[in-house]
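File shown here: structure_37.cif, holding mmCIF, C-alpha atoms and all ligand atoms.
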```cif
data_data
#
loop_
_atom_site.label_atom_id
_atom_site.label_comp_id
_atom_site.auth_asym_id
_atom_site.auth_seq_id
_atom_site.Cartn_x
_atom_site.Cartn_y
_atom_site.Cartn_z
CA MET H 242 118.88 65.43 84.54
CA ASP H 243 119.61 66.07 88.23
CA ILE H 244 121.39 69.34 88.99
CA LEU H 245 123.04 70.04 92.30
CA ILE H 246 123.89 73.65 93.05
CA ARG H 247 126.29 73.95 95.95
CA ASN H 248 126.81 76.86 98.35
CA ILE H 249 124.32 79.22 96.79
CA HIS H 250 122.72 82.09 98.71
CA VAL H 251 119.01 81.20 98.77
CA ILE H 252 116.65 84.15 99.26
CA ASP H 253 113.11 82.87 99.65
CA PRO H 254 110.38 84.87 101.43
CA ILE H 255 108.00 81.89 101.71
CA SER H 256 110.39 79.55 103.56
CA GLU H 257 112.01 82.60 105.17
CA THR H 258 115.40 81.47 103.97
CA ASP H 259 118.19 84.02 103.58
CA GLY H 260 121.42 82.04 103.68
CA ILE H 261 123.80 79.59 102.03
CA ARG H 262 122.31 76.24 100.97
CA ASP H 263 122.84 73.32 98.59
CA VAL H 264 119.89 72.80 96.24
CA LEU H 265 119.13 69.63 94.30
CA ILE H 266 116.81 69.91 91.31
CA SER H 267 115.45 66.60 90.07
CA SER H 268 112.34 65.48 88.15
CA GLY H 269 110.96 69.02 88.01
CA VAL H 270 111.10 69.68 91.75
CA PHE H 271 113.52 70.77 94.44
CA ALA H 272 114.43 67.26 95.56
CA ASP H 273 116.46 68.61 98.45
CA VAL H 274 117.40 71.96 99.96
CA GLY H 275 119.87 71.98 102.84
CA LYS H 276 123.42 72.18 104.03
CA ASN H 277 125.97 69.66 102.70
CA ILE H 278 123.67 67.53 100.57
CA ARG H 279 125.44 64.23 100.10
CA LYS H 280 123.56 63.02 97.02
CA LYS H 281 125.17 62.65 93.59
CA ALA H 282 123.81 64.50 90.57
CA ASP H 283 124.36 64.45 86.80
CA LYS H 284 125.68 67.98 87.05
CA THR H 285 127.10 69.90 89.98
CA ILE H 286 127.42 73.67 89.92
CA ASP H 287 129.40 75.86 92.28
CA GLY H 288 126.93 78.52 93.40
CA SER H 289 129.24 80.49 95.66
CA LYS H 290 128.81 84.26 95.32
CA LEU H 291 125.52 83.64 93.47
CA TRP H 292 121.91 83.98 94.59
CA MET H 293 118.98 81.67 94.03
CA LEU H 294 115.54 83.30 94.10
CA PRO H 295 112.11 81.78 93.59
CA GLY H 296 110.79 82.24 90.03
CA LEU H 297 109.53 85.81 89.78
CA ILE H 298 105.92 86.72 89.07
CA ASP H 299 105.24 89.84 87.01
CA MET H 300 101.60 90.66 87.51
CA HIS H 301 101.65 93.56 85.04
CA CYS H 302 103.13 93.43 81.55
CA HIS H 303 102.08 94.02 77.97
CA LEU H 304 102.49 91.60 75.09
CA ARG H 305 101.20 92.71 71.70
CA GLU H 306 99.66 89.54 70.35
CA PRO H 307 97.14 89.51 68.84
CA GLY H 308 97.44 92.65 66.77
CA ASN H 309 100.98 93.94 66.70
CA GLU H 310 104.45 92.78 65.86
CA GLU H 311 106.38 94.51 68.63
CA GLU H 312 106.09 91.50 70.94
CA THR H 313 104.51 88.13 70.48
CA ILE H 314 103.47 85.86 73.31
CA LEU H 315 106.54 83.74 72.59
CA SER H 316 109.08 86.57 72.25
CA GLY H 317 107.69 88.26 75.35
CA SER H 318 107.79 85.12 77.42
CA TYR H 319 111.38 84.31 76.36
CA SER H 320 112.34 87.88 77.28
CA ALA H 321 110.62 87.43 80.65
CA ALA H 322 112.43 84.13 81.24
CA ALA H 323 115.71 85.95 80.58
CA GLY H 324 114.70 88.39 83.31
CA GLY H 325 114.02 85.63 85.87
CA PHE H 326 110.23 85.52 85.57
CA THR H 327 108.39 82.21 85.56
CA THR H 328 104.88 83.69 85.56
CA ILE H 329 103.75 86.82 83.73
CA CYS H 330 100.30 88.36 83.59
CA CYS H 331 99.63 90.21 80.36
CA MET H 332 97.30 93.14 80.12
CA ALA H 333 94.26 93.13 77.89
CA ASN H 334 95.22 96.03 75.57
CA THR H 335 95.93 93.86 72.55
CA GLU H 336 94.19 94.37 69.19
CA PRO H 337 91.53 93.13 69.41
CA SER H 338 91.52 93.53 73.15
CA ILE H 339 90.91 90.58 75.45
CA ASP H 340 87.23 91.36 75.85
CA ASN H 341 85.78 87.97 74.96
CA LYS H 342 86.50 84.29 75.46
CA VAL H 343 87.80 83.78 71.92
CA VAL H 344 90.71 86.21 72.37
CA ALA H 345 91.37 84.94 75.91
CA GLY H 346 91.35 81.36 74.55
CA TYR H 347 93.77 82.38 71.80
CA ILE H 348 96.24 83.71 74.40
CA PHE H 349 95.99 80.52 76.47
CA GLU H 350 96.45 78.38 73.36
CA LYS H 351 99.54 80.32 72.21
CA SER H 352 100.94 80.29 75.73
CA ARG H 353 101.19 76.51 75.65
CA GLU H 354 104.35 76.94 73.57
CA ALA H 355 105.78 79.54 75.96
CA PRO H 356 108.74 78.61 78.19
CA ILE H 357 106.97 80.01 81.27
CA GLN H 358 103.43 80.55 82.53
CA VAL H 359 101.47 83.33 80.80
CA LEU H 360 98.19 84.47 82.32
CA PRO H 361 96.04 87.10 80.60
CA TYR H 362 93.75 89.72 82.07
CA GLY H 363 90.36 90.36 80.51
CA THR H 364 89.10 93.88 79.91
CA VAL H 365 86.64 95.73 82.14
CA THR H 366 84.84 97.25 79.17
CA ILE H 367 84.33 96.20 75.57
CA GLY H 368 87.26 97.34 73.45
CA ARG H 369 88.57 99.20 76.56
CA LYS H 370 86.33 102.04 75.46
CA GLY H 371 84.92 102.61 78.93
CA GLU H 372 81.33 102.45 77.70
CA LEU H 373 79.94 98.93 78.03
CA LEU H 374 80.96 96.26 80.49
CA SER H 375 82.79 93.31 78.98
CA PRO H 376 81.28 89.82 79.36
CA MET H 377 83.10 89.38 82.66
CA GLY H 378 81.52 86.00 83.46
CA GLU H 379 82.59 84.57 80.11
CA LEU H 380 86.11 85.94 80.59
CA ALA H 381 86.31 84.57 84.13
CA GLN H 382 85.23 81.17 82.86
CA ALA H 383 87.92 81.35 80.17
CA GLY H 384 90.45 81.70 83.02
CA VAL H 385 91.58 85.35 83.04
CA VAL H 386 93.47 86.37 86.21
CA GLY H 387 91.51 89.56 86.67
CA PHE H 388 89.98 92.49 84.83
CA SER H 389 91.66 95.64 83.64
CA ASP H 390 91.42 98.33 80.96
CA ASP H 391 95.02 99.26 81.81
CA GLY H 392 96.42 101.91 79.51
CA ASN H 393 93.02 103.54 79.89
CA CYS H 394 91.25 104.64 83.04
CA VAL H 395 87.59 103.63 83.27
CA MET H 396 86.40 107.20 83.59
CA ASP H 397 82.70 106.40 84.08
CA SER H 398 82.37 105.79 87.83
CA LEU H 399 79.09 103.91 87.48
CA ILE H 400 80.60 101.44 85.03
CA PHE H 401 83.62 101.01 87.29
CA ARG H 402 81.34 100.46 90.26
CA ARG H 403 79.42 97.76 88.38
CA ALA H 404 82.67 96.08 87.31
CA LEU H 405 83.80 95.96 90.94
CA GLU H 406 80.44 94.56 92.02
CA TYR H 407 80.38 91.83 89.37
CA SER H 408 84.02 90.89 89.95
CA LYS H 409 83.03 89.61 93.40
CA THR H 410 81.08 86.78 91.76
CA TRP H 411 84.35 85.20 90.59
CA GLN H 412 86.64 86.53 93.34
CA LYS H 413 88.88 88.15 90.73
CA ILE H 414 90.74 91.41 91.10
CA VAL H 415 89.98 94.54 89.15
CA VAL H 416 93.16 96.42 88.27
CA SER H 417 92.71 100.14 87.86
CA HIS H 418 94.81 102.52 85.81
CA SER H 419 93.98 105.36 88.17
CA GLU H 420 94.55 108.50 86.15
CA ASP H 421 92.03 111.17 85.17
CA GLN H 422 92.34 111.04 81.41
CA ILE H 423 90.82 114.45 80.88
CA LEU H 424 93.20 116.16 83.27
CA ALA H 425 96.08 114.19 81.73
CA ARG H 426 95.00 114.86 78.12
CA ASN H 427 97.87 115.38 75.66
CA GLY H 428 100.34 115.22 78.53
CA VAL H 429 103.83 113.90 77.88
CA MET H 430 105.55 114.01 81.26
CA ASN H 431 105.17 114.97 84.91
CA GLU H 432 103.86 118.52 85.29
CA GLY H 433 106.34 120.80 87.02
CA VAL H 434 109.26 123.14 86.52
CA LEU H 435 111.03 120.67 84.24
CA SER H 436 108.05 120.17 81.89
CA THR H 437 107.80 123.96 81.63
CA LYS H 438 111.52 124.28 80.86
CA LEU H 439 111.33 121.56 78.24
CA GLY H 440 108.17 123.00 76.71
CA LEU H 441 106.32 119.71 77.11
CA ARG H 442 102.74 119.41 78.28
CA GLY H 443 102.58 118.13 81.84
CA ILE H 444 100.45 115.52 83.58
CA PRO H 445 99.78 116.73 87.12
CA ALA H 446 100.13 114.32 90.04
CA GLU H 447 96.51 115.27 90.82
CA ALA H 448 95.35 113.32 87.74
CA GLU H 449 96.46 110.21 89.66
CA HIS H 450 95.28 111.28 93.14
CA ILE H 451 91.74 112.07 91.99
CA MET H 452 91.29 108.59 90.56
CA VAL H 453 93.13 106.77 93.34
CA TYR H 454 90.70 108.41 95.75
CA ARG H 455 87.70 107.55 93.57
CA ASP H 456 88.79 103.96 93.11
CA ILE H 457 89.41 103.47 96.83
CA SER H 458 85.98 104.96 97.52
CA LEU H 459 84.33 102.54 95.10
CA ALA H 460 86.25 99.60 96.58
CA ALA H 461 84.93 100.63 99.99
CA LEU H 462 81.40 100.90 98.61
CA THR H 463 81.44 97.52 96.86
CA GLY H 464 83.80 95.42 98.96
CA ALA H 465 85.40 94.15 95.75
CA LYS H 466 89.09 93.38 95.35
CA LEU H 467 90.69 96.47 93.87
CA HIS H 468 94.32 96.49 92.79
CA LEU H 469 95.77 99.91 91.98
CA ALA H 470 98.33 99.68 89.17
CA HIS H 471 101.62 101.55 88.92
CA LEU H 472 101.30 104.19 91.63
CA THR H 473 103.78 107.01 91.21
CA THR H 474 103.35 109.69 93.86
CA ARG H 475 103.85 110.31 97.55
CA LYS H 476 100.22 111.28 97.94
CA SER H 477 98.98 108.06 96.27
CA VAL H 478 101.00 106.01 98.77
CA GLU H 479 99.50 108.07 101.61
CA LEU H 480 95.97 107.54 100.29
CA VAL H 481 96.46 103.77 100.10
CA LYS H 482 98.12 103.67 103.52
CA GLU H 483 95.15 105.45 105.04
CA ALA H 484 92.63 103.26 103.20
CA LYS H 485 94.34 100.05 104.27
CA LYS H 486 93.73 100.96 107.92
CA HIS H 487 90.05 100.18 107.36
CA LEU H 488 89.87 98.11 104.19
CA LYS H 489 91.20 94.61 103.50
CA ASN H 490 90.23 94.57 99.83
CA ILE H 491 92.80 97.02 98.45
CA THR H 492 96.25 96.23 97.08
CA CYS H 493 98.66 98.22 94.95
CA GLU H 494 101.88 98.03 92.98
CA ALA H 495 104.82 100.13 91.86
CA ALA H 496 106.54 99.74 88.50
CA ILE H 497 110.32 99.42 88.49
CA HIS H 498 110.90 102.44 86.26
CA HIS H 499 108.99 104.66 88.71
CA LEU H 500 111.35 103.45 91.44
CA VAL H 501 114.63 104.04 89.64
CA LEU H 502 114.05 106.97 87.28
CA THR H 503 112.81 110.51 87.78
CA GLU H 504 111.36 112.98 85.27
CA GLU H 505 114.97 114.05 84.64
CA ALA H 506 115.21 111.03 82.30
CA LEU H 507 113.20 113.12 79.80
CA THR H 508 115.64 116.04 79.82
CA ASN H 509 117.08 115.05 76.45
CA TYR H 510 113.60 114.34 75.05
CA ASP H 511 114.18 110.58 75.18
CA ALA H 512 110.84 109.08 74.09
CA ASN H 513 111.89 105.77 75.68
CA ALA H 514 111.41 107.46 79.07
CA LYS H 515 107.84 108.47 78.20
CA VAL H 516 105.56 106.24 80.25
CA SER H 517 102.03 106.35 81.58
CA PRO H 518 101.68 107.37 84.36
CA PRO H 519 104.77 109.55 83.98
CA LEU H 520 108.09 109.39 85.81
CA ARG H 521 107.91 111.74 88.80
CA THR H 522 110.40 113.17 91.31
CA GLN H 523 113.00 111.93 93.79
CA GLU H 524 110.63 112.78 96.62
CA ASP H 525 108.05 110.46 95.08
CA ILE H 526 110.63 107.67 94.73
CA ARG H 527 111.46 107.97 98.43
CA ALA H 528 107.76 107.71 99.29
CA LEU H 529 107.32 104.64 97.06
CA VAL H 530 110.33 102.95 98.68
CA LYS H 531 108.90 103.75 102.11
CA GLY H 532 105.62 102.24 100.88
CA ILE H 533 107.48 99.04 100.02
CA LYS H 534 109.18 98.97 103.43
CA GLU H 535 105.89 99.47 105.23
CA ASN H 536 104.00 96.97 103.06
CA VAL H 537 101.66 99.64 101.75
CA ILE H 538 102.88 98.57 98.31
CA ASP H 539 102.17 94.88 97.77
CA ALA H 540 103.91 94.17 94.46
CA ILE H 541 106.67 95.41 92.19
CA VAL H 542 105.98 95.00 88.46
CA THR H 543 107.73 95.69 85.17
CA ASP H 544 104.84 97.18 83.16
CA HIS H 545 106.91 95.86 80.22
CA ALA H 546 105.46 97.82 77.29
CA PRO H 547 107.08 97.09 73.92
CA HIS H 548 106.87 99.63 71.09
CA SER H 549 108.59 99.76 67.71
CA GLU H 550 111.49 102.08 66.89
CA GLU H 551 109.29 103.83 64.32
CA GLU H 552 106.63 104.61 66.93
CA LYS H 553 109.12 105.73 69.56
CA GLY H 554 111.06 107.69 66.95
CA SER H 555 108.06 109.74 65.92
CA GLY H 556 108.91 112.61 68.28
CA ILE H 557 108.30 112.71 72.00
CA GLU H 558 104.86 114.28 71.69
CA HIS H 559 103.55 111.58 69.38
CA ALA H 560 105.43 108.58 70.71
CA PRO H 561 103.32 106.05 72.63
CA PHE H 562 103.81 105.55 76.38
CA GLY H 563 105.86 102.65 77.69
CA MET H 564 109.24 101.00 78.03
CA ILE H 565 110.33 97.37 78.00
CA GLY H 566 111.33 96.00 81.38
CA PHE H 567 111.71 92.25 81.78
CA GLU H 568 115.43 91.89 81.13
CA THR H 569 116.58 94.85 83.20
CA ALA H 570 114.15 94.23 86.07
CA LEU H 571 116.27 92.41 88.65
CA PRO H 572 119.46 94.52 88.41
CA LEU H 573 117.42 97.73 88.53
CA VAL H 574 115.22 96.70 91.41
CA MET H 575 118.20 95.45 93.41
CA SER H 576 119.67 98.96 93.25
CA LEU H 577 116.96 99.87 95.79
CA VAL H 578 119.09 98.34 98.54
CA LYS H 579 120.75 101.77 98.66
CA TYR H 580 117.59 103.00 100.44
CA GLY H 581 117.97 100.32 103.12
CA LEU H 582 115.59 97.79 101.57
CA LYS H 583 116.72 94.20 102.08
CA PRO H 584 116.93 91.90 99.01
CA ILE H 585 114.38 89.56 100.65
CA GLN H 586 111.90 92.46 101.04
CA ILE H 587 112.29 93.30 97.37
CA ILE H 588 111.93 89.66 96.27
CA GLU H 589 108.79 89.29 98.40
CA LYS H 590 107.17 91.98 96.23
CA MET H 591 108.01 90.00 93.10
CA THR H 592 107.02 86.53 94.34
CA SER H 593 104.72 85.96 97.31
CA GLY H 594 103.33 89.52 97.14
CA PRO H 595 101.77 89.20 93.69
CA ALA H 596 100.87 85.55 94.33
CA ARG H 597 98.78 86.64 97.32
CA ILE H 598 97.00 89.31 95.27
CA LEU H 599 96.26 86.87 92.47
CA ARG H 600 95.36 84.11 94.93
CA ARG H 601 97.87 81.74 93.39
CA LYS H 602 100.61 79.58 94.86
CA ALA H 603 103.90 81.42 95.26
CA ASN H 604 107.12 79.80 94.15
CA THR H 605 109.33 78.66 96.99
CA ILE H 606 112.72 76.99 97.16
CA SER H 607 111.53 74.21 99.44
CA ARG H 608 111.72 70.44 99.25
CA GLU H 609 109.17 68.92 96.82
CA ALA H 610 108.09 72.34 95.49
CA GLU H 611 108.04 72.82 91.70
CA ALA H 612 111.54 73.91 90.71
CA ASN H 613 110.84 77.45 89.51
CA CYS H 614 113.81 79.65 90.31
CA VAL H 615 116.40 82.14 89.12
CA ILE H 616 120.15 82.09 89.55
CA PHE H 617 121.40 85.65 89.82
CA ASP H 618 124.91 87.07 90.06
CA PRO H 619 124.50 90.22 92.18
CA ASP H 620 127.99 91.52 91.32
CA ALA H 621 128.21 90.92 87.57
CA GLU H 622 128.29 94.09 85.52
CA TRP H 623 126.99 94.22 81.97
CA ILE H 624 125.95 96.73 79.37
CA VAL H 625 122.44 96.75 77.93
CA ARG H 626 123.04 96.29 74.19
CA LYS H 627 120.30 96.35 71.62
CA GLU H 628 121.60 93.17 69.98
CA ASN H 629 121.41 91.24 73.27
CA ILE H 630 117.84 92.18 74.15
CA ARG H 631 115.55 89.20 73.63
CA SER H 632 112.39 91.26 73.46
CA LEU H 633 111.44 92.13 69.88
CA SER H 634 111.30 95.77 70.98
CA LYS H 635 114.26 97.77 72.21
CA ASN H 636 112.51 100.77 73.76
CA THR H 637 114.42 101.23 76.99
CA PRO H 638 116.20 104.33 78.28
CA PHE H 639 118.83 101.96 79.68
CA LEU H 640 120.29 101.20 76.24
CA ASN H 641 124.11 101.25 76.42
CA LYS H 642 123.97 101.77 80.19
CA LYS H 643 125.97 99.62 82.60
CA LEU H 644 123.92 97.59 85.10
CA ARG H 645 125.06 95.63 88.12
CA GLY H 646 123.52 92.21 88.69
CA LYS H 647 122.78 89.61 86.05
CA VAL H 648 120.37 86.73 85.62
CA LEU H 649 122.44 83.67 84.75
CA CYS H 650 119.76 81.03 84.56
CA THR H 651 115.99 80.60 84.98
CA PHE H 652 114.38 77.25 85.74
CA TYR H 653 110.72 76.51 85.13
CA CYS H 654 109.40 73.15 86.31
CA GLY H 655 112.98 72.00 86.78
CA LEU H 656 114.11 72.87 83.25
CA PRO H 657 116.47 75.69 82.32
CA VAL H 658 114.29 77.97 80.16
CA TYR H 659 116.97 80.63 80.04
CA SER H 660 120.72 80.37 80.44
CA ASP H 661 123.45 82.90 79.67
CA LYS H 662 125.70 79.86 79.17
CA THR H 663 128.08 80.64 82.03
CA LEU H 664 126.57 77.99 84.28
CA ILE H 665 124.60 75.47 82.24
O1 LIG T 1 103.47 103.29 79.76
C1 LIG T 1 102.52 102.55 79.56
N1 LIG T 1 102.45 101.74 78.48
N2 LIG T 1 101.50 102.55 80.44
C2 LIG T 1 100.36 101.90 80.21
O2 LIG T 1 99.50 101.95 81.04
C3 LIG T 1 100.17 101.17 78.92
C4 LIG T 1 101.45 100.73 78.38
C5 LIG T 1 101.35 100.19 76.96
O3 LIG T 1 100.52 99.34 76.70
O4 LIG T 1 102.16 100.59 76.11
#
```

Rewrite the coordinates I just gave you, this time as structure tokens.
Ligand code: DOR
Amino acid sequence: MDILIRNIHVIDPISETDGIRDVLISSGVFADVGKNIRKKADKTIDGSKLWMLPGLIDMHCHLREPGNEEETILSGSYSAAAGGFTTICCMANTEPSIDNKVVAGYIFEKSREAPIQVLPYGTVTIGRKGELLSPMGELAQAGVVGFSDDGNCVMDSLIFRRALEYSKTWQKIVVSHSEDQILARNGVMNEGVLSTKLGLRGIPAEAEHIMVYRDISLAALTGAKLHLAHLTTRKSVELVKEAKKHLKNITCEAAIHHLVLTEEALTNYDANAKVSPPLRTQEDIRALVKGIKENVIDAIVTDHAPHSEEEKGSGIEHAPFGMIGFETALPLVMSLVKYGLKPIQIIEKMTSGPARILRRKANTISREAEANCVIFDPDAEWIVRKENIRSLSKNTPFLNKKLRGKVLCTFYCGLPVYSDKTLI
């Protein structure tokens, strides 16, 4: 079926388009992109007041298959499609973890039924225990996008050094969860006045800085491609900014929740706001946003981390870290325009930014390119309701909150893989 979308605001960092266009989707590709397309289509949609963005790439999320019921590869990928993502990279902290080719193969096999592209990471160490290197060659051959023990920091610097060295053989990134686990032990939230008031054990910003510094040092020593996951503090941004003056092999990301929420979200002991690394302060948010503006931060990710109601309801001290993030991603991230970020700058960090890091082709709304895109209504307001969340888990502090901006439709290879039924 050919679909012609008229007068839609196309925002595409690759083709550097930020204006009104007609877009014709046919046979899986953008058959035409231009002004006043004269061709006929099976279906014509009025796109005025709507945006079209290239399919988003989330280079950092968690699915729970194999091992847990909170999110399968299918449920997670449908949730991601509803958020506008056409590629997601899932971390290796499944049970068993993705530390061998059999588990990696299982993910690829299951992903064939997914509505979008799912690419797994392999672990750095066996079982993410930080003790023995995983069979990185075998994992690379199986097709993992990179290596990460995310959720855990590889505390042993020699092992991390070796992982970085070996990763060069396959030109794959190593993604670090840079947080000193001993300094952060038993921590629940950011360490500061608020954690003291609430009587909750704090995780000092220094737990992150120490490991960001170590990881940058090891990247400098080895020349390997290091990607620093979910940075949260002003100082971390400064460390990366300084390092990037001399090093070309370092990239980093910020997670959406660290950009839109502060530690205040834990004031009422909401376990859904307990994430690792923890939510920080407004000053840190400003520094992260500046990092995005200055291209110190290369990617924006969801760190979608599903957990069951039972787990999250077990009291804030015992609840696991993480919140879901696919379906609220675009409206939340677009709220950053209030800091003077342009929508196209934000979208770059969710499309061509991660594609560059992963050394993959970025989606673009250009003639003959694969039709992977999102139609987004920037003005629509909606309330996040448990019953409307597609993820199997509902652990978000945005439950029952009103958001502005809504994904109406996601296309993958020219097919609508998500539609809220208002358009198609
Ligand atoms: O908040 C988090 N949750 N951070 C991580 O690094 C891991 C993740 C998870 O898997 O639940």

Could you give me the residues within 7 Å of ligand LIG 1 (chain T), counting all atoms listed in the file, as a ChimeraX atom specification? /H:303,334,391-393,418,515-518,544,546-548,561-564

How far is it from atom CA of H:Lys409 to atom CA of H:Thr364, in Å with one decimal?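 It comes out at 15.4 Å.
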
When you count only C-alpha atoms, which of these residues is closest to H:Ile266: H:Ile252, H:Ala496, H:Val429, H:Ile244?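 Nearest to H:Ile266: H:Ile244.
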
In Å, with one decimal, what is the gap from atom CA of H:Phe652 to atom CA of H:Ala612?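 Pair atom CA of H:Phe652 / atom CA of H:Ala612 returns 6.6 Å.
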
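Using all atoms listed in the file, the residues found no farther than 7 Å from H:Ser477, other than those of its own chain fewer than 5 positions away, are H:His450, H:Val453, H:Leu472.
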
One number please: atom CA of H:Arg442 to atom CA of H:Glu558, in Å, one decimal.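 Those two atoms sit 8.6 Å apart.
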
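Of the residues listed (H:Ile588, H:Ala528, H:Leu467, H:Leu245), H:Leu467 shows the shortest atom-to-atom separation from H:Lys413; distances use only C-alpha atoms.
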
One residue among H:Val537, H:Ala495, H:Met452, H:Met591 is nearest to H:Ile329 when using only C-alpha atoms, and that residue is H:Met591

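Residues in contact with H:Val343 at up to 10 Å, not including ones fewer than 6 positions away on its chain and judged by only C-alpha atoms, are H:Phe349, H:Glu379, H:Leu380, H:Ala383.
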
Export of prior selection with C-alpha atoms as a tab-separated table (two decimals), keeping the file's coordinate frame:
```
chain	number	residue	atom	x	y	z
H	349	PHE	CA	95.99	80.52	76.47
H	379	GLU	CA	82.59	84.57	80.11
H	380	LEU	CA	86.11	85.94	80.59
H	383	ALA	CA	87.92	81.35	80.17
```

Would you mind listing what lies within 7 Å of stretch 641-647 of chain H as a PyMOL selection string, with all atoms listed in the file counted and same-chain residues fewer than 2 positions away left out? chain H and resi 572+617-626+639+649

Could you please fill out stretch 565-584 of chain H with N, CA and C atoms and send it back as a PDB file, keeping the file's coordinate frame?
```
ATOM      1  N   ILE H 565     110.184  98.797  77.687  1.00  0.00           N
ATOM      2  CA  ILE H 565     110.330  97.370  78.000  1.00  0.00           C
ATOM      3  C   ILE H 565     110.987  97.245  79.376  1.00  0.00           C
ATOM      4  N   GLY H 566     110.827  96.063  79.999  1.00  0.00           N
ATOM      5  CA  GLY H 566     111.330  96.000  81.380  1.00  0.00           C
ATOM      6  C   GLY H 566     111.735  94.642  81.910  1.00  0.00           C
ATOM      7  N   PHE H 567     111.427  93.565  81.186  1.00  0.00           N
ATOM      8  CA  PHE H 567     111.710  92.250  81.780  1.00  0.00           C
ATOM      9  C   PHE H 567     113.205  92.043  82.075  1.00  0.00           C
ATOM     10  N   GLU H 568     114.033  92.339  81.063  1.00  0.00           N
ATOM     11  CA  GLU H 568     115.430  91.890  81.130  1.00  0.00           C
ATOM     12  C   GLU H 568     116.314  92.765  82.015  1.00  0.00           C
ATOM     13  N   THR H 569     115.823  93.949  82.335  1.00  0.00           N
ATOM     14  CA  THR H 569     116.580  94.850  83.200  1.00  0.00           C
ATOM     15  C   THR H 569     116.007  94.872  84.625  1.00  0.00           C
ATOM     16  N   ALA H 570     114.918  94.121  84.824  1.00  0.00           N
ATOM     17  CA  ALA H 570     114.150  94.230  86.070  1.00  0.00           C
ATOM     18  C   ALA H 570     114.979  93.966  87.337  1.00  0.00           C
ATOM     19  N   LEU H 571     115.598  92.791  87.390  1.00  0.00           N
ATOM     20  CA  LEU H 571     116.270  92.410  88.650  1.00  0.00           C
ATOM     21  C   LEU H 571     117.453  93.326  88.997  1.00  0.00           C
ATOM     22  N   PRO H 572     118.368  93.597  88.050  1.00  0.00           N
ATOM     23  CA  PRO H 572     119.460  94.520  88.410  1.00  0.00           C
ATOM     24  C   PRO H 572     118.941  95.889  88.844  1.00  0.00           C
ATOM     25  N   LEU H 573     117.922  96.396  88.158  1.00  0.00           N
ATOM     26  CA  LEU H 573     117.420  97.730  88.530  1.00  0.00           C
ATOM     27  C   LEU H 573     116.786  97.715  89.905  1.00  0.00           C
ATOM     28  N   VAL H 574     115.956  96.724  90.149  1.00  0.00           N
ATOM     29  CA  VAL H 574     115.220  96.700  91.410  1.00  0.00           C
ATOM     30  C   VAL H 574     116.173  96.455  92.586  1.00  0.00           C
ATOM     31  N   MET H 575     117.239  95.708  92.328  1.00  0.00           N
ATOM     32  CA  MET H 575     118.200  95.450  93.410  1.00  0.00           C
ATOM     33  C   MET H 575     118.980  96.709  93.796  1.00  0.00           C
ATOM     34  N   SER H 576     118.984  97.707  92.902  1.00  0.00           N
ATOM     35  CA  SER H 576     119.670  98.960  93.250  1.00  0.00           C
ATOM     36  C   SER H 576     118.945  99.674  94.393  1.00  0.00           C
ATOM     37  N   LEU H 577     117.717  99.239  94.702  1.00  0.00           N
ATOM     38  CA  LEU H 577     116.960  99.870  95.790  1.00  0.00           C
ATOM     39  C   LEU H 577     117.527  99.546  97.171  1.00  0.00           C
ATOM     40  N   VAL H 578     118.470  98.626  97.231  1.00  0.00           N
ATOM     41  CA  VAL H 578     119.090  98.340  98.540  1.00  0.00           C
ATOM     42  C   VAL H 578     119.776  99.597  99.087  1.00  0.00           C
ATOM     43  N   LYS H 579     120.093 100.534  98.188  1.00  0.00           N
ATOM     44  CA  LYS H 579     120.750 101.770  98.660  1.00  0.00           C
ATOM     45  C   LYS H 579     119.832 102.594  99.579  1.00  0.00           C
ATOM     46  N   TYR H 580     118.529 102.310  99.535  1.00  0.00           N
ATOM     47  CA  TYR H 580     117.590 103.000 100.440  1.00  0.00           C
ATOM     48  C   TYR H 580     117.350 102.183 101.719  1.00  0.00           C
ATOM     49  N   GLY H 581     118.129 101.116 101.899  1.00  0.00           N
ATOM     50  CA  GLY H 581     117.970 100.320 103.120  1.00  0.00           C
ATOM     51  C   GLY H 581     116.968  99.191 102.987  1.00  0.00           C
ATOM     52  N   LEU H 582     116.464  98.950 101.759  1.00  0.00           N
ATOM     53  CA  LEU H 582     115.590  97.790 101.570  1.00  0.00           C
ATOM     54  C   LEU H 582     116.462  96.535 101.535  1.00  0.00           C
ATOM     55  N   LYS H 583     115.960  95.451 102.120  1.00  0.00           N
ATOM     56  CA  LYS H 583     116.720  94.200 102.080  1.00  0.00           C
ATOM     57  C   LYS H 583     116.328  93.434 100.811  1.00  0.00           C
ATOM     58  N   PRO H 584     117.287  92.690 100.204  1.00  0.00           N
ATOM     59  CA  PRO H 584     116.930  91.900  99.010  1.00  0.00           C
ATOM     60  C   PRO H 584     115.669  91.047  99.237  1.00  0.00           C
TER      61      PRO H 584
END
```
